[in-house]
Structure formats: C-alpha cells, structure tokens
file model-v4.tsv (TSV, C-alpha atoms)
chain	number	residue	atom	x	y	z
A	1	MET	CA	140.82	200.57	84.40
A	2	THR	CA	143.40	201.20	87.09
A	3	ALA	CA	144.17	198.18	89.20
A	4	PRO	CA	144.46	198.69	92.99
A	5	ALA	CA	148.14	197.73	92.74
A	6	ASP	CA	148.74	200.65	90.36
A	7	LEU	CA	146.95	203.01	92.70
A	8	PHE	CA	149.12	201.75	95.51
A	9	HIS	CA	152.27	202.43	93.47
A	10	LEU	CA	150.99	205.88	92.64
A	11	TRP	CA	150.42	206.57	96.35
A	12	VAL	CA	153.91	205.29	97.19
A	13	TYR	CA	155.36	207.73	94.66
A	14	LEU	CA	153.23	210.67	95.80
A	15	ALA	CA	153.81	209.99	99.48
A	16	ALA	CA	157.57	210.12	98.96
A	17	SER	CA	157.60	213.24	96.80
A	18	PRO	CA	157.35	216.83	98.07
A	19	LEU	CA	154.98	217.57	95.17
A	20	LEU	CA	151.85	216.21	96.85
A	21	TRP	CA	151.91	218.14	100.15
A	22	LEU	CA	153.22	221.33	98.59
A	23	THR	CA	150.29	221.31	96.16
A	24	VAL	CA	147.83	220.37	98.91
A	25	THR	CA	149.08	223.22	101.16
A	26	ILE	CA	148.63	225.86	98.47
A	27	GLY	CA	145.35	224.36	97.19
A	28	VAL	CA	143.77	224.18	100.65
A	29	TYR	CA	144.86	227.74	101.42
A	30	LEU	CA	143.35	229.03	98.15
A	31	MET	CA	140.03	227.38	99.05
A	32	ALA	CA	140.17	228.75	102.59
A	33	GLN	CA	140.88	232.23	101.20
A	34	GLN	CA	137.91	231.88	98.87
A	35	ALA	CA	135.73	230.97	101.87
A	36	SER	CA	137.03	234.05	103.68
A	37	VAL	CA	136.16	236.30	100.73
A	38	LEU	CA	132.69	234.72	100.39
A	39	SER	CA	132.06	235.42	104.08
A	40	GLY	CA	132.82	239.10	103.47
A	41	ASN	CA	136.20	238.86	105.29
A	42	ASN	CA	134.47	237.72	108.47
A	43	PRO	CA	137.27	237.47	111.08
A	44	LEU	CA	135.98	234.06	112.26
A	45	VAL	CA	136.50	232.59	108.78
A	46	ASN	CA	140.27	232.81	109.16
A	47	PRO	CA	142.08	231.27	106.17
A	48	VAL	CA	145.12	230.20	108.23
A	49	LEU	CA	142.96	228.40	110.81
A	50	ILE	CA	140.81	226.67	108.18
A	51	SER	CA	143.91	225.53	106.26
A	52	ILE	CA	145.64	224.13	109.34
A	53	VAL	CA	142.56	222.22	110.54
A	54	THR	CA	141.94	220.81	107.05
A	55	ILE	CA	145.53	219.69	106.54
A	56	VAL	CA	145.81	218.20	110.05
A	57	LEU	CA	142.68	216.15	109.32
A	58	LEU	CA	144.13	215.06	105.95
A	59	LEU	CA	147.35	213.95	107.65
A	60	ILE	CA	145.43	211.99	110.28
A	61	VAL	CA	143.15	210.32	107.70
A	62	THR	CA	146.07	209.35	105.41
A	63	LYS	CA	148.27	208.42	108.42
A	64	THR	CA	150.98	210.75	107.10
A	65	ASP	CA	153.85	211.72	109.39
A	66	TYR	CA	154.45	215.45	109.92
A	67	ARG	CA	158.03	215.08	108.67
A	68	VAL	CA	156.74	213.71	105.36
A	69	TYR	CA	154.28	216.60	105.14
A	70	PHE	CA	156.96	219.14	105.97
A	71	ALA	CA	159.31	217.78	103.29
A	72	GLY	CA	156.80	219.21	100.81
A	73	ALA	CA	155.55	222.20	102.78
A	74	GLN	CA	159.05	223.42	103.66
A	75	PHE	CA	159.19	225.40	100.41
A	76	VAL	CA	156.27	227.49	101.63
A	77	HIS	CA	157.70	227.69	105.15
A	78	PHE	CA	161.05	228.90	103.82
A	79	THR	CA	159.40	231.91	102.18
A	80	LEU	CA	158.60	233.32	105.66
A	81	GLY	CA	162.14	234.75	105.77
A	82	PRO	CA	162.07	236.80	102.55
A	83	ALA	CA	158.44	237.75	103.32
A	84	THR	CA	159.56	239.19	106.66
A	85	VAL	CA	162.23	241.24	104.87
A	86	ALA	CA	159.56	242.33	102.34
A	87	LEU	CA	157.80	244.20	105.18
A	88	GLY	CA	160.43	246.87	104.54
A	89	VAL	CA	158.58	247.81	101.35
A	90	PRO	CA	155.23	248.96	102.89
A	91	LEU	CA	157.30	250.60	105.63
A	92	TYR	CA	159.27	252.57	103.06
A	93	ARG	CA	156.10	253.55	101.18
A	94	ASN	CA	154.52	254.82	104.41
A	95	ARG	CA	157.72	256.34	105.83
A	96	ALA	CA	156.25	259.83	106.21
A	97	LEU	CA	153.34	258.43	108.22
A	98	VAL	CA	155.66	256.27	110.35
A	99	ARG	CA	157.98	259.20	111.05
A	100	SER	CA	155.07	261.38	112.15
A	101	ALA	CA	153.97	258.66	114.59
A	102	ALA	CA	157.44	257.89	115.95
A	103	LEU	CA	156.64	258.66	119.60
A	104	PRO	CA	153.39	256.65	119.86
A	105	ILE	CA	155.20	253.79	118.09
A	106	ILE	CA	158.11	253.76	120.55
A	107	ALA	CA	155.85	254.08	123.60
A	108	ALA	CA	153.45	251.35	122.44
A	109	LEU	CA	156.39	249.05	121.69
A	110	LEU	CA	158.09	249.60	125.05
A	111	VAL	CA	154.88	248.85	126.95
A	112	GLY	CA	153.32	246.31	124.58
A	113	ALA	CA	156.27	243.93	124.14
A	114	PRO	CA	156.76	243.11	127.85
A	115	THR	CA	152.98	242.96	128.30
A	116	ALA	CA	152.78	240.28	125.61
A	117	MET	CA	155.43	238.15	127.31
A	118	LEU	CA	154.53	238.62	130.98
A	119	SER	CA	150.75	238.38	130.66
A	120	ALA	CA	151.02	234.98	128.95
A	121	VAL	CA	153.47	233.64	131.55
A	122	TRP	CA	151.44	234.94	134.50
A	123	ILE	CA	148.15	233.50	133.27
A	124	ALA	CA	149.80	230.15	132.54
A	125	SER	CA	151.38	230.21	136.04
A	126	ALA	CA	148.00	230.89	137.61
A	127	PHE	CA	146.76	227.69	135.97
A	128	GLY	CA	149.78	225.75	137.21
A	129	ALA	CA	151.40	225.22	133.81
A	130	PRO	CA	154.87	223.58	133.86
A	131	MET	CA	158.03	225.59	133.13
A	132	THR	CA	158.45	224.00	129.65
A	133	LEU	CA	155.16	225.50	128.63
A	134	LYS	CA	155.88	228.91	130.14
A	135	LEU	CA	159.26	229.16	128.41
A	136	ALA	CA	157.65	228.28	125.08
A	137	LEU	CA	154.98	230.94	125.69
A	138	ILE	CA	157.36	233.88	126.22
A	139	PRO	CA	157.99	234.69	122.51
A	140	LYS	CA	154.46	233.72	121.36
A	141	SER	CA	153.64	237.18	119.94
A	142	VAL	CA	156.67	237.22	117.66
A	143	THR	CA	156.71	235.92	114.09
A	144	ALA	CA	157.55	232.21	113.78
A	145	GLY	CA	161.10	232.40	112.41
A	146	ILE	CA	162.24	234.84	115.10
A	147	ALA	CA	160.24	233.25	117.96
A	148	MET	CA	161.78	229.82	117.41
A	149	GLY	CA	165.24	231.36	117.64
A	150	ILE	CA	164.32	233.14	120.89
A	151	ALA	CA	162.85	229.93	122.35
A	152	ARG	CA	166.09	228.10	121.61
A	153	GLN	CA	168.08	230.91	123.23
A	154	ILE	CA	166.09	230.85	126.52
A	155	GLY	CA	165.90	227.06	126.72
A	156	GLY	CA	162.33	226.58	125.48
A	157	ASP	CA	161.05	224.04	122.95
A	158	PRO	CA	161.06	225.70	119.48
A	159	THR	CA	158.41	223.41	117.93
A	160	LEU	CA	156.05	224.07	120.85
A	161	THR	CA	156.74	227.79	120.50
A	162	ALA	CA	155.87	227.59	116.79
A	163	VAL	CA	152.47	226.13	117.66
A	164	PHE	CA	151.81	228.86	120.27
A	165	VAL	CA	152.95	231.51	117.80
A	166	ILE	CA	150.50	230.35	115.13
A	167	ALA	CA	147.67	229.97	117.67
A	168	THR	CA	148.33	233.49	119.00
A	169	GLY	CA	148.35	234.88	115.47
A	170	ILE	CA	145.00	233.28	114.65
A	171	ILE	CA	143.45	234.38	117.97
A	172	GLY	CA	144.70	237.94	117.50
A	173	ALA	CA	143.53	238.08	113.88
A	174	ILE	CA	140.06	236.90	114.88
A	175	MET	CA	139.77	239.25	117.88
A	176	VAL	CA	141.30	242.48	116.58
A	177	THR	CA	138.46	243.85	114.41
A	178	PRO	CA	135.57	243.26	116.87
A	179	LEU	CA	137.77	244.33	119.82
A	180	MET	CA	138.85	247.62	118.23
A	181	ASN	CA	135.30	248.37	117.10
A	182	LEU	CA	134.10	247.68	120.64
A	183	LEU	CA	136.75	250.06	122.04
A	184	GLY	CA	135.70	252.66	119.46
A	185	ILE	CA	139.24	253.03	118.02
A	186	ARG	CA	139.08	254.42	114.49
A	187	ASP	CA	142.79	255.22	114.13
A	188	TYR	CA	143.93	252.52	111.67
A	189	ALA	CA	147.58	253.13	112.45
A	190	ALA	CA	146.96	252.32	116.14
A	191	ARG	CA	144.73	249.33	115.33
A	192	GLY	CA	147.28	247.89	112.93
A	193	PHE	CA	150.14	248.45	115.34
A	194	ALA	CA	148.33	246.56	118.12
A	195	ALA	CA	147.47	243.70	115.74
A	196	GLY	CA	151.03	243.35	114.49
A	197	LEU	CA	152.57	243.58	117.96
A	198	ALA	CA	150.25	241.02	119.56
A	199	ALA	CA	149.68	238.72	116.59
A	200	HIS	CA	152.73	239.16	114.26
A	201	GLY	CA	152.35	238.07	110.62
A	202	ILE	CA	148.88	236.53	110.90
A	203	GLY	CA	147.63	239.71	112.58
A	204	THR	CA	149.43	241.66	109.85
A	205	ALA	CA	147.76	239.57	107.13
A	206	ARG	CA	144.41	240.39	108.77
A	207	ALA	CA	145.32	244.10	108.98
A	208	PHE	CA	146.14	244.19	105.24
A	209	GLN	CA	142.70	242.64	104.63
A	210	VAL	CA	141.07	245.57	106.43
A	211	ASP	CA	143.19	248.61	105.53
A	212	ASP	CA	146.55	249.39	103.85
A	213	VAL	CA	147.75	251.80	106.53
A	214	ALA	CA	146.78	249.29	109.23
A	215	GLY	CA	148.80	246.69	107.33
A	216	ALA	CA	151.91	248.88	107.14
A	217	PHE	CA	151.76	249.66	110.87
A	218	ALA	CA	151.10	246.00	111.69
A	219	GLY	CA	154.18	245.02	109.68
A	220	LEU	CA	156.21	247.67	111.51
A	221	ALA	CA	154.98	246.45	114.90
A	222	MET	CA	155.77	242.87	113.94
A	223	ALA	CA	159.35	243.76	112.99
A	224	LEU	CA	159.92	245.98	116.04
A	225	ASN	CA	158.44	243.41	118.42
A	226	GLY	CA	160.68	240.73	116.94
A	227	LEU	CA	163.64	242.94	117.79
A	228	MET	CA	162.34	244.02	121.22
A	229	THR	CA	161.37	240.50	122.32
A	230	ALA	CA	164.71	239.06	121.22
A	231	VAL	CA	166.49	241.63	123.39
A	232	ALA	CA	164.09	241.52	126.37
A	233	ALA	CA	163.29	237.79	126.60
A	234	PRO	CA	166.39	236.94	128.68
A	235	LEU	CA	165.42	239.70	131.16
A	236	ILE	CA	161.85	238.38	131.38
A	237	LEU	CA	163.29	234.93	131.97
A	238	ALA	CA	165.33	236.22	134.91
A	239	LEU	CA	162.15	237.78	136.28
A	240	ILE	CA	160.06	234.58	136.21
A	241	ARG	CA	162.78	232.14	137.29
A	242	PRO	CA	162.40	231.40	141.02
B	1	MET	CA	160.18	239.68	89.70
B	2	LEU	CA	163.31	237.55	89.90
B	3	GLN	CA	165.37	240.61	90.73
B	4	GLY	CA	162.91	241.47	93.50
B	5	PHE	CA	163.22	238.02	95.08
B	6	PHE	CA	166.97	238.28	94.78
B	7	ILE	CA	167.03	241.57	96.69
B	8	LEU	CA	164.85	240.14	99.48
B	9	LEU	CA	166.92	236.95	99.77
B	10	ALA	CA	170.20	238.88	99.66
B	11	CYS	CA	169.03	241.22	102.46
B	12	GLN	CA	168.01	238.21	104.55
B	13	LEU	CA	171.30	236.46	103.85
B	14	VAL	CA	173.36	239.47	104.92
B	15	GLY	CA	171.08	239.95	107.96
B	16	GLU	CA	171.42	236.32	109.07
B	17	SER	CA	175.19	236.42	108.49
B	18	ILE	CA	175.62	239.52	110.64
B	19	SER	CA	173.26	238.20	113.34
B	20	ARG	CA	174.95	234.80	113.61
B	21	GLY	CA	178.48	235.69	112.62
B	22	LEU	CA	178.87	238.68	114.93
B	23	HIS	CA	176.49	237.34	117.63
B	24	VAL	CA	174.31	240.42	117.38
B	25	PRO	CA	171.15	239.86	119.49
B	26	ILE	CA	169.01	241.26	116.64
B	27	PRO	CA	167.23	238.55	114.60
B	28	GLY	CA	168.48	238.09	111.00
B	29	PRO	CA	165.20	238.97	109.24
B	30	VAL	CA	164.94	242.19	111.30
B	31	LEU	CA	168.45	243.19	110.21
B	32	GLY	CA	167.28	242.27	106.69
B	33	ILE	CA	164.40	244.77	106.93
B	34	MET	CA	166.79	247.48	108.14
B	35	LEU	CA	169.16	246.76	105.28
B	36	LEU	CA	166.32	246.86	102.74
B	37	LEU	CA	165.12	250.20	104.13
B	38	LEU	CA	168.65	251.54	103.89
B	39	LEU	CA	168.96	250.37	100.26
B	40	LEU	CA	165.58	251.88	99.37
B	41	GLY	CA	166.51	255.14	101.07
B	42	VAL	CA	169.82	255.42	99.21
B	43	ARG	CA	168.25	254.44	95.88
B	44	GLY	CA	165.37	256.89	96.29
B	45	TRP	CA	167.76	259.68	97.15
B	46	GLN	CA	170.07	258.83	94.19
B	47	THR	CA	167.40	258.60	91.49
B	48	GLY	CA	164.76	260.92	92.94
B	49	GLU	CA	162.18	258.23	92.11
B	50	ASP	CA	160.24	255.83	94.32
B	51	PRO	CA	162.25	252.55	94.20
B	52	ALA	CA	159.43	250.55	95.86
B	53	ARG	CA	156.69	251.31	93.31
B	54	GLN	CA	154.28	248.48	92.60
B	55	ASP	CA	155.58	248.07	89.05
B	56	THR	CA	159.21	247.59	90.10
B	57	ALA	CA	160.59	244.05	90.50
B	58	LEU	CA	160.96	244.56	94.24
B	59	GLY	CA	157.49	246.06	94.65
B	60	PHE	CA	155.94	243.21	92.67
B	61	ALA	CA	157.72	240.44	94.61
B	62	SER	CA	157.03	242.05	98.00
B	63	ASP	CA	153.36	242.73	97.31
B	64	GLY	CA	152.93	239.15	96.11
B	65	LEU	CA	154.52	237.71	99.27
B	66	LEU	CA	152.66	240.01	101.66
B	67	ARG	CA	149.30	239.39	99.99
B	68	ASN	CA	149.72	235.71	100.85
B	69	LEU	CA	151.47	236.12	104.19
B	70	GLY	CA	148.92	233.86	105.92
B	71	LEU	CA	149.80	230.89	103.71
B	72	LEU	CA	153.41	230.96	104.87
B	73	PHE	CA	152.37	230.17	108.47
B	74	VAL	CA	150.38	227.06	107.53
B	75	PRO	CA	153.25	224.50	107.48
B	76	ALA	CA	154.47	225.51	110.96
B	77	GLY	CA	150.89	225.55	112.25
B	78	VAL	CA	150.26	222.03	111.03
B	79	GLY	CA	153.15	221.13	113.38
B	80	ILE	CA	150.55	221.04	116.16
B	81	VAL	CA	150.03	217.36	115.23
B	82	GLN	CA	153.39	216.72	116.87
B	83	SER	CA	152.56	218.32	120.20
B	84	PHE	CA	148.87	217.46	120.59
B	85	HIS	CA	149.66	215.62	123.79
B	86	LEU	CA	151.54	218.35	125.65
B	87	VAL	CA	149.09	221.02	124.50
B	88	LEU	CA	145.99	218.99	125.35
B	89	SER	CA	147.23	217.95	128.81
B	90	ASN	CA	147.54	221.67	129.65
B	91	GLY	CA	144.71	222.71	127.35
B	92	VAL	CA	142.94	225.14	129.65
B	93	ALA	CA	146.12	226.91	130.81
B	94	VAL	CA	147.35	227.28	127.23
B	95	ILE	CA	144.07	228.47	125.75
B	96	VAL	CA	143.35	230.95	128.56
B	97	ALA	CA	146.95	232.23	128.46
B	98	LEU	CA	146.90	232.74	124.69
B	99	ILE	CA	143.46	234.37	124.50
B	100	GLY	CA	143.92	236.41	127.71
B	101	SER	CA	147.40	237.59	126.76
B	102	SER	CA	146.36	238.54	123.21
B	103	LEU	CA	143.44	240.54	124.57
B	104	ILE	CA	145.51	242.33	127.24
B	105	THR	CA	148.38	243.02	124.81
B	106	MET	CA	146.15	244.52	122.12
B	107	VAL	CA	144.17	246.69	124.54
B	108	VAL	CA	147.32	247.97	126.33
B	109	THR	CA	149.19	248.59	123.05
B	110	VAL	CA	146.37	250.43	121.31
B	111	PHE	CA	145.68	252.63	124.38
B	112	VAL	CA	149.34	253.60	124.85
B	113	PHE	CA	149.56	254.36	121.12
B	114	ARG	CA	146.44	256.58	121.20
B	115	LEU	CA	147.41	258.23	124.48
B	116	VAL	CA	150.86	259.29	123.28
B	117	SER	CA	149.50	260.15	119.84
B	118	ARG	CA	146.94	262.51	121.37
B	119	ALA	CA	149.53	264.00	123.76
B	120	VAL	CA	151.88	264.68	120.82
B	121	SER	CA	149.24	266.31	118.62
B	122	ALA	CA	147.98	268.37	121.57
B	123	GLY	CA	151.52	269.38	122.56
B	124	PRO	CA	152.52	271.96	119.90
B	125	ALA	CA	149.03	273.52	119.89
B	126	ALA	CA	148.98	274.10	123.63

call {"tool": "encode", "arguments": {"input": "model-v4.tsv", "output": "structure tokens"}}
result
Amino acid sequence: MTAPADLFHLWVYLAASPLLWLTVTIGVYLMAQQASVLSGNNPLVNPVLISIVTIVLLLIVTKTDYRVYFAGAQFVHFTLGPATVALGVPLYRNRALVRSAALPIIAALLVGAPTAMLSAVWIASAFGAPMTLKLALIPKSVTAGIAMGIARQIGGDPTLTAVFVIATGIIGAIMVTPLMNLLGIRDYAARGFAAGLAAHGIGTARAFQVDDVAGAFAGLAMALNGLMTAVAAPLILALIRP
Amino acid sequence: MLQGFFILLACQLVGESISRGLHVPIPGPVLGIMLLLLLLGVRGWQTGEDPARQDTALGFASDGLLRNLGLLFVPAGVGIVQSFHLVLSNGVAVIVALIGSSLITMVVTVFVFRLVSRAVSAGPAA
C-alpha cells in the first residue's frame, strides 16, 4: 500500500523533473495523432489542437506553472530548429518540380507574404485592437522560431506572437482542404504552397498528410515566407504606424 | 541517424552564426536550409547518387522529424495559458483577424500561383 505521504513525495519529484511533462507531451500527441487517423485524417480532428487543449487542461487541473511545463517540453520545442532545416531534404528531392514552377512560386510569394501580414493587421484595426496585438500579429504566418525573432525586431511581444502563430497554423490546417476543394483547385503544388505560406509548419504537417508534393511545396513556402516576412516586416510596420 | 541529426544541427548552427554574427536579416534556420541544399547539391554532383535517399542517415533523420512536425509546435502552443487574459479581452478581434487573414492569404496565394502557372505553360505554346 502506498501512503499518501509517499504519493506526495513522488509528485514533488515528478513535478520538479523534466521527465513528466516531456513524456506527457509526446504521449498526448501520439493519442491525438491516433484520433486523427481514426477520423480518416478529418481536418477538424487536428492533432496539434487536441494536444494543446488537453495539455492546457492538465496544467490547469494540476495547477502547474507554464515554466515548469516548458522545462520538460523544451526538448521537443528545441527540435523545431533542426526540423526547419530538414525541410531542405524534401526540397532537394523535388528540385526538378520546384525549378519548373519557379515563376508561380516567386509571384505567389511576393503577393502572399504581404497579404498575410496586412490582412491580419487591417482586420484587427477594424475591430479596434491595441497596437501590442497588431505588432504581434504581423509575423503570424511564419514558423514559430522565425516569427518570435521578427516580433522582437519590430517591438512586438514574442510570446504573444508564438500563440498567434500556433493558432494561425491550426486554423490554416483545418481550412485548407475544404477551402481548396471548394475552389476546385486540384494542383497539389499550388495547394501546398498556399498552406505553407499562410500556415507555416502546421499547414505543412497537414499538407504532408494529404500529399507528398503538397508537403514539399508547403515546406518551400514556409521557408520562403520566413525569409520574405523577416525582410518585409519593418516596411509593413512603417506602413501601419500613424 | 546520428550523422543525419548532426548535419541538420550543424547547418542550423552555421546559419544562426551567420545571421547573428554578420547581422544578416535572413533568419538562421532559413540560412540553414540554404546551406543544406548547397551541401546536397555538391554531394549529389560529386557522387552521382541521390544524397537525400530515405535510407541515408540524413534522409532518415529528416523524414522522422517532418513526419512529426506537428508535435514540435505543441510546447509553444501550450504557452497560451500565459496570455489568456490579453487574448480573451480582444477575443473577437484576434479570432476574426486570424481566421479572416488565413482565408484571404490562402485564396490570394493559390490564385496567383495558378494564374502565373497557367500563363507560363500557355506562353511557349502560343
């Protein structure tokens, strides 16, 4: 029989060690992924969304501080960097396809990147959102690691930006398949590119779920938009500052 | 596999160093992708083989990471517990801006892509 005091000591140990929340993060994601597969990859059953909601609830129920959670989850978070670099691999494999679509890629990037930034800021302005929020919204279509750097550069709040980035990714990943079907777009390169540009890595993860070529183009769009937004964000800032 | 992870980390490290050290406005991971592409290009040209095959260390590590890309965003997403207040007090503006902007961006991007793509493929034939 385990006495309550022993259980308390066990909890004290687990709460202080990164082991618990690292394991929980991966375990919850595996279950969420299973749910997504069981649903037949239904876009609404998004594994990232399910995982975040579940873990947030767990943190609230156990009264765990985010910093304690992140001490464990940081090992997963860190892998975002090498995973972003790893996008070079599908790009290399599909290089012939990418080269043949160079012009559409450049055009879609030049129009899409400013659209992603300005449309978010304009809509937020229309609803009277404060400047803090608008600044954090500017890089919301760019993958987390890059977006937080851009937010810092333009004077926005990086943690707020991270939340908007993840939310945008989930929204884009949920919308892209029904939206593209509705528009009657069957070109998986174009579909993937739009998903990756608007919804970065989470959109790219969704694109890989649907089609390999879509995934490669989504990864390309994600990388290019990271570059484009980093360069253009200061200009956009000058445009929206009174 | 270990070698694959090493290559990815090394590319990121060099990318971050160039980005921060030389104040290049290009994000470190993006420079990392460029460097990796350059390495793959040189290697493929040298050996005449595909250096990014699935059974190479790099192919294995990259495929593993990209298959689970969604997982990597979970820790940052859970960070919403820290900004519940600011997000909720502007809930409508934030939600409409994120959904509206995602919709507009995807529609605009996909149409420009298709438009130019069709113009290019029609070009040489005309």

call {"tool": "interface_residues", "arguments": {"input": "model-v4.tsv", "of": "chain A", "to": "chain B", "cutoff": "6 Å", "atoms": "only C-alpha atoms", "output": "PyMOL selection string"}}
result
chain A and resi 48+52+56+73+76-77+80+82-83+85-86+88+104+108+112+115-116+119-120+123-124+127+163+166+168+172+190+194+198+202+205+227

call {"tool": "write_last_selection", "arguments": {"input": "model-v4.tsv", "atoms": "C-alpha atoms", "output": "PDB file, in the coordinates of the input"}}
result
ATOM      1  CA  VAL A  48     145.120 230.200 108.230  1.00  0.00           C
ATOM      2  CA  ILE A  52     145.640 224.130 109.340  1.00  0.00           C
ATOM      3  CA  VAL A  56     145.810 218.200 110.050  1.00  0.00           C
ATOM      4  CA  ALA A  73     155.550 222.200 102.780  1.00  0.00           C
ATOM      5  CA  VAL A  76     156.270 227.490 101.630  1.00  0.00           C
ATOM      6  CA  HIS A  77     157.700 227.690 105.150  1.00  0.00           C
ATOM      7  CA  LEU A  80     158.600 233.320 105.660  1.00  0.00           C
ATOM      8  CA  PRO A  82     162.070 236.800 102.550  1.00  0.00           C
ATOM      9  CA  ALA A  83     158.440 237.750 103.320  1.00  0.00           C
ATOM     10  CA  VAL A  85     162.230 241.240 104.870  1.00  0.00           C
ATOM     11  CA  ALA A  86     159.560 242.330 102.340  1.00  0.00           C
ATOM     12  CA  GLY A  88     160.430 246.870 104.540  1.00  0.00           C
ATOM     13  CA  PRO A 104     153.390 256.650 119.860  1.00  0.00           C
ATOM     14  CA  ALA A 108     153.450 251.350 122.440  1.00  0.00           C
ATOM     15  CA  GLY A 112     153.320 246.310 124.580  1.00  0.00           C
ATOM     16  CA  THR A 115     152.980 242.960 128.300  1.00  0.00           C
ATOM     17  CA  ALA A 116     152.780 240.280 125.610  1.00  0.00           C
ATOM     18  CA  SER A 119     150.750 238.380 130.660  1.00  0.00           C
ATOM     19  CA  ALA A 120     151.020 234.980 128.950  1.00  0.00           C
ATOM     20  CA  ILE A 123     148.150 233.500 133.270  1.00  0.00           C
ATOM     21  CA  ALA A 124     149.800 230.150 132.540  1.00  0.00           C
ATOM     22  CA  PHE A 127     146.760 227.690 135.970  1.00  0.00           C
ATOM     23  CA  VAL A 163     152.470 226.130 117.660  1.00  0.00           C
ATOM     24  CA  ILE A 166     150.500 230.350 115.130  1.00  0.00           C
ATOM     25  CA  THR A 168     148.330 233.490 119.000  1.00  0.00           C
ATOM     26  CA  GLY A 172     144.700 237.940 117.500  1.00  0.00           C
ATOM     27  CA  ALA A 190     146.960 252.320 116.140  1.00  0.00           C
ATOM     28  CA  ALA A 194     148.330 246.560 118.120  1.00  0.00           C
ATOM     29  CA  ALA A 198     150.250 241.020 119.560  1.00  0.00           C
ATOM     30  CA  ILE A 202     148.880 236.530 110.900  1.00  0.00           C
ATOM     31  CA  ALA A 205     147.760 239.570 107.130  1.00  0.00           C
ATOM     32  CA  LEU A 227     163.640 242.940 117.790  1.00  0.00           C
TER      33      LEU A 227
END

call {"tool": "residues_near_point", "arguments": {"input": "model-v4.tsv", "point": "(150.9, 252.9, 111.8)", "cutoff": "9 Å", "atoms": "all atoms listed in the file", "output": "tab-separated table (two decimals) with C-alpha atoms, keeping the file's coordinate frame"}}
result
chain	number	residue	atom	x	y	z
A	94	ASN	CA	154.52	254.82	104.41
A	97	LEU	CA	153.34	258.43	108.22
A	98	VAL	CA	155.66	256.27	110.35
A	101	ALA	CA	153.97	258.66	114.59
A	105	ILE	CA	155.20	253.79	118.09
A	187	ASP	CA	142.79	255.22	114.13
A	188	TYR	CA	143.93	252.52	111.67
A	189	ALA	CA	147.58	253.13	112.45
A	190	ALA	CA	146.96	252.32	116.14
A	191	ARG	CA	144.73	249.33	115.33
A	192	GLY	CA	147.28	247.89	112.93
A	193	PHE	CA	150.14	248.45	115.34
A	213	VAL	CA	147.75	251.80	106.53
A	214	ALA	CA	146.78	249.29	109.23
A	215	GLY	CA	148.80	246.69	107.33
A	216	ALA	CA	151.91	248.88	107.14
A	217	PHE	CA	151.76	249.66	110.87
A	218	ALA	CA	151.10	246.00	111.69
A	219	GLY	CA	154.18	245.02	109.68
A	220	LEU	CA	156.21	247.67	111.51
A	221	ALA	CA	154.98	246.45	114.90

call {"tool": "closest_residue", "arguments": {"input": "model-v4.tsv", "among": "A:Tyr92, A:Tyr29, A:Trp11, A:Tyr66", "to": "B:Gly44", "atoms": "only C-alpha atoms"}}
result
A:Tyr92

call {"tool": "atom_distance", "arguments": {"input": "model-v4.tsv", "atom1": "atom CA of A:Val111", "atom2": "atom CA of B:Ser19"}}
result
25.2 Å

call {"tool": "atom_distance", "arguments": {"input": "model-v4.tsv", "atom1": "atom CA of A:Ile50", "atom2": "atom CA of A:Leu135"}}
result
27.5 Å

call {"tool": "atom_distance", "arguments": {"input": "model-v4.tsv", "atom1": "atom CA of A:Gly201", "atom2": "atom CA of A:Met222"}}
result
6.8 Å

call {"tool": "closest_residue", "arguments": {"input": "model-v4.tsv", "among": "A:Pro234, A:Val89, A:Thr79, A:Pro139", "to": "B:Thr56", "atoms": "only C-alpha atoms"}}
result
A:Val89
